[in-house]
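First the structure, in the form of structure tokens, and then the observations on it.
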Amino acid sequence: MNNSINNELTGIILAGGKGIRLGLNKGMANLMGRPMIEYVIENLEAVCDHILISSNTSQCAAYGYDIIADIYEGKGPMAGIHACLKASTTEHNIVISVDTPFAGPDFIRYMINNKAEGLAAAPWFGMDHYEPLCAYYNKQIVVHMEAFFRNGNFKLPDLFLRIPFTPLLMPEKATFNHPMLFHNINTKADLRLAETYLERKNERS
């Protein structure tokens, strides 16, 4: 956590997905005996001063963090990020999707330390391949989002092209960089793969 109030960091968990392919709310999916959202909460608690949960239901309310509903409901993750940024009391914010449980504290610190002066910073893999749902967002980006919304555009990659944006290359030898870093859990097969990764990790530790 940061000591200076001007540098406080809010973690935003995107938990608004319906999990249609998984058959249940993603955050509540059982991963090695625990709801998947608990992994994301732990990762953010290690680094952040505040946490907000983006969701249009109360399913995640038991964790004691504010649940922020979309202002523009049904418009996808950019709308969820927008609503949480408006609710955030800090300039600096980290967004992590609830189905990305392996984006750990060291990765989050790397983003914060390398965000430069952009209003957003996201892992970048060339061309238009970003990870906008595991990214840094400055609260000041809200006005730019709302300008896009007025034009009916809710696409984060389009927004990145129009604002001060920092593309983040993932250092190959960093301890946090591994094949499962951005593993999205959308299906039961994805969930089994995540469990296999955790089992092997536990065996090595």
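For the structure tokens, the naming scheme is as follows: chains receive sequential letters (A, B, ...) according to their order of presentation, residues are indexed from 1 within each chain, and ligands are indexed from 1 in presentation order.
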Query raised in the report: Hey, what's within 7 Å of range 154-156 of chain A if we count only C-alpha atoms and toss same-chain stuff fewer than 3 positions away? As a VMD selection string, please?
Result: chain A and resid 75 78 132 148 to 149 159 to 160
Query raised in the report: Do you know which residues are at most 12 Å from Arg162 in chain A counting only C-alpha atoms, after dropping those on the same chain fewer than 4 positions away, and could you put them as a VMD selection string?
Result: chain A and resid 118 to 120 141 144 to 145 147 to 148 155 to 158 166
So that I have them on file, write out the residues from the current selection with N, CA, C and O atoms, as a short mmCIF file (atom, residue, chain, number, x, y, z; two decimals), in the first residue's frame.
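out35.cif, freshly written:
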data_model
loop_
_atom_site.label_atom_id
_atom_site.label_comp_id
_atom_site.auth_asym_id
_atom_site.auth_seq_id
_atom_site.Cartn_x
_atom_site.Cartn_y
_atom_site.Cartn_z
N GLY A 118 0.63 8.33 -18.92
CA GLY A 118 -0.61 8.07 -19.65
C GLY A 118 -1.83 8.04 -18.75
O GLY A 118 -1.73 7.82 -17.54
N LEU A 119 -3.00 8.26 -19.35
CA LEU A 119 -4.26 8.13 -18.62
C LEU A 119 -4.64 6.66 -18.46
O LEU A 119 -5.51 6.32 -17.67
N ALA A 120 -4.01 5.82 -19.25
CA ALA A 120 -4.20 4.37 -19.13
C ALA A 120 -2.91 3.69 -19.52
O ALA A 120 -2.11 4.21 -20.30
N ILE A 141 -9.60 9.77 -16.96
CA ILE A 141 -10.02 9.19 -18.22
C ILE A 141 -11.54 9.18 -18.38
O ILE A 141 -12.07 9.01 -19.48
N HIS A 144 -13.12 11.30 -21.07
CA HIS A 144 -12.88 10.78 -22.42
C HIS A 144 -13.82 9.60 -22.71
O HIS A 144 -14.33 9.48 -23.83
N MET A 145 -14.03 8.76 -21.71
CA MET A 145 -14.98 7.66 -21.87
C MET A 145 -16.37 8.18 -22.20
O MET A 145 -17.05 7.68 -23.10
N ALA A 147 -17.23 10.94 -23.56
CA ALA A 147 -17.28 11.47 -24.93
C ALA A 147 -17.48 10.33 -25.92
O ALA A 147 -18.24 10.47 -26.90
N PHE A 148 -16.82 9.20 -25.70
CA PHE A 148 -17.00 8.04 -26.56
C PHE A 148 -18.42 7.49 -26.44
O PHE A 148 -19.04 7.12 -27.44
N LYS A 155 -15.77 0.74 -26.91
CA LYS A 155 -14.63 -0.14 -27.18
C LYS A 155 -13.35 0.46 -26.60
O LYS A 155 -12.90 1.52 -27.01
N LEU A 156 -12.75 -0.25 -25.65
CA LEU A 156 -11.55 0.24 -25.00
C LEU A 156 -10.36 0.40 -25.96
O LEU A 156 -9.65 1.41 -25.87
N PRO A 157 -10.10 -0.54 -26.88
CA PRO A 157 -8.97 -0.32 -27.80
C PRO A 157 -9.12 0.96 -28.62
O PRO A 157 -8.12 1.62 -28.92
N ASP A 158 -10.34 1.32 -28.99
CA ASP A 158 -10.56 2.58 -29.71
C ASP A 158 -10.20 3.77 -28.82
O ASP A 158 -9.60 4.75 -29.28
N THR A 166 -0.06 4.33 -22.35
CA THR A 166 1.24 3.67 -22.23
C THR A 166 1.10 2.18 -22.50
O THR A 166 0.47 1.46 -21.71
#
Query raised in the report: Please, what distance in Å, to one decimal, runs between CA of Val95 in chain A and CA of Ala194 in chain A?
Result: 20.5 Å
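Shortest atom-to-atom contact with Phe125 in chain A among A:Asn43, A:Asp49, A:Ser55, A:Leu168: A:Leu168, counting only C-alpha atoms.
Put simply, CA of Thr175 in chain A is 13.4 Å away from CA of Lys201 in chain A.
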Query - Within 12 Å of Pro167 in chain A using only C-alpha atoms, minus same-chain residues under 4 positions, as a ChimeraX atom specification - result: /A:111,114-132,135-136,157,160-161,163
Restricting it to N, CA, C and O atoms, dump the selection as a tab-separated table (two decimals), in the first residue's frame.
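As written to disk, result.tsv reads:
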chain	number	residue	atom	x	y	z
A	111	MET	N	2.94	-2.69	-13.34
A	111	MET	CA	2.11	-1.74	-14.10
A	111	MET	C	2.18	-0.35	-13.50
A	111	MET	O	2.34	0.64	-14.22
A	114	ASN	N	5.46	1.44	-14.14
A	114	ASN	CA	5.81	1.70	-15.54
A	114	ASN	C	4.69	2.36	-16.34
A	114	ASN	O	4.76	2.42	-17.56
A	115	LYS	N	3.70	2.89	-15.65
A	115	LYS	CA	2.55	3.48	-16.34
A	115	LYS	C	2.89	4.80	-17.02
A	115	LYS	O	2.13	5.29	-17.86
A	116	ALA	N	4.02	5.41	-16.65
A	116	ALA	CA	4.44	6.70	-17.20
A	116	ALA	C	3.36	7.75	-16.95
A	116	ALA	O	2.72	7.73	-15.91
A	117	GLU	N	3.13	8.64	-17.92
A	117	GLU	CA	2.19	9.74	-17.71
A	117	GLU	C	0.86	9.52	-18.42
A	117	GLU	O	0.05	10.44	-18.54
A	118	GLY	N	0.63	8.33	-18.92
A	118	GLY	CA	-0.61	8.07	-19.65
A	118	GLY	C	-1.83	8.04	-18.75
A	118	GLY	O	-1.73	7.82	-17.54
A	119	LEU	N	-3.00	8.26	-19.35
A	119	LEU	CA	-4.26	8.13	-18.62
A	119	LEU	C	-4.64	6.66	-18.46
A	119	LEU	O	-5.51	6.32	-17.67
A	120	ALA	N	-4.01	5.82	-19.25
A	120	ALA	CA	-4.20	4.37	-19.13
A	120	ALA	C	-2.91	3.69	-19.52
A	120	ALA	O	-2.11	4.21	-20.30
A	121	ALA	N	-2.69	2.51	-18.96
A	121	ALA	CA	-1.54	1.69	-19.31
A	121	ALA	C	-1.99	0.24	-19.27
A	121	ALA	O	-2.62	-0.19	-18.30
A	122	ALA	N	-1.70	-0.49	-20.34
A	122	ALA	CA	-2.14	-1.88	-20.42
A	122	ALA	C	-1.08	-2.75	-21.06
A	122	ALA	O	-0.32	-2.27	-21.92
A	123	PRO	N	-0.99	-4.01	-20.66
A	123	PRO	CA	-0.09	-4.93	-21.33
A	123	PRO	C	-0.37	-4.94	-22.84
A	123	PRO	O	-1.54	-4.97	-23.25
A	124	TRP	N	0.69	-4.93	-23.63
A	124	TRP	CA	0.56	-4.81	-25.08
A	124	TRP	C	1.44	-5.85	-25.75
A	124	TRP	O	2.56	-6.08	-25.34
A	125	PHE	N	0.89	-6.49	-26.78
A	125	PHE	CA	1.59	-7.58	-27.46
A	125	PHE	C	1.70	-7.32	-28.97
A	125	PHE	O	1.79	-8.25	-29.75
A	126	GLY	N	1.69	-6.06	-29.34
A	126	GLY	CA	1.81	-5.71	-30.75
A	126	GLY	C	0.46	-5.50	-31.41
A	126	GLY	O	-0.56	-6.04	-30.97
A	127	MET	N	0.46	-4.67	-32.48
A	127	MET	CA	-0.75	-4.35	-33.22
A	127	MET	C	-1.81	-3.84	-32.23
A	127	MET	O	-1.55	-2.97	-31.43
A	128	ASP	N	-3.02	-4.40	-32.28
A	128	ASP	CA	-4.09	-3.96	-31.37
A	128	ASP	C	-4.38	-5.00	-30.31
A	128	ASP	O	-5.49	-5.10	-29.81
A	129	HIS	N	-3.37	-5.78	-29.96
A	129	HIS	CA	-3.54	-6.83	-28.95
A	129	HIS	C	-3.14	-6.29	-27.58
A	129	HIS	O	-1.95	-6.18	-27.25
A	130	TYR	N	-4.15	-5.93	-26.79
A	130	TYR	CA	-3.95	-5.42	-25.44
A	130	TYR	C	-4.63	-6.34	-24.43
A	130	TYR	O	-5.38	-7.25	-24.78
A	131	GLU	N	-4.35	-6.07	-23.16
A	131	GLU	CA	-5.10	-6.69	-22.05
A	131	GLU	C	-5.78	-5.55	-21.29
A	131	GLU	O	-5.36	-5.18	-20.19
A	132	PRO	N	-6.84	-4.97	-21.83
A	132	PRO	CA	-7.45	-3.78	-21.21
A	132	PRO	C	-8.18	-4.08	-19.91
A	132	PRO	O	-8.53	-3.14	-19.18
A	135	ALA	N	-5.36	-3.70	-16.28
A	135	ALA	CA	-4.70	-2.47	-16.71
A	135	ALA	C	-4.83	-1.36	-15.67
A	135	ALA	O	-5.61	-1.45	-14.72
A	136	TYR	N	-4.04	-0.32	-15.90
A	136	TYR	CA	-4.07	0.89	-15.08
A	136	TYR	C	-4.97	1.94	-15.73
A	136	TYR	O	-4.93	2.13	-16.95
A	157	PRO	N	-10.10	-0.54	-26.88
A	157	PRO	CA	-8.97	-0.32	-27.80
A	157	PRO	C	-9.12	0.96	-28.62
A	157	PRO	O	-8.12	1.62	-28.92
A	160	PHE	N	-8.04	3.81	-26.38
A	160	PHE	CA	-6.59	3.87	-26.19
A	160	PHE	C	-5.89	4.64	-27.31
A	160	PHE	O	-4.84	5.24	-27.10
A	161	LEU	N	-6.48	4.61	-28.50
A	161	LEU	CA	-5.88	5.30	-29.65
A	161	LEU	C	-6.06	6.81	-29.59
A	161	LEU	O	-5.38	7.54	-30.31
A	163	ILE	N	-6.20	8.74	-26.52
A	163	ILE	CA	-5.80	9.35	-25.25
A	163	ILE	C	-4.31	9.13	-25.02
A	163	ILE	O	-3.69	8.29	-25.69
Query - DSSP strand (DSSP E or B) residues within range 2-201 of chain A, as number ranges by chain - result: A: 9-14, 30-31, 34-35, 50-54, 66-68, 92-97, 120-124, 130, 134-138, 165-168
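The coordinates place CA of Met180 in chain A at 10.9 Å from CA of Gly104 in chain A.
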Requested in this report: Could you tell me, as a ChimeraX atom specification, which residues of range 43-83 of chain A DSSP assigns to helix (DSSP H, G or I) when given the backbone?
Outcome: /A:43-45,61-63,77-83
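Comparing the minimum interatomic distances between Thr89 in chain A and each of A:Phe102, A:Gly152, A:Asn138, A:Met32, counting only C-alpha atoms, we find that A:Asn138 sits nearest.
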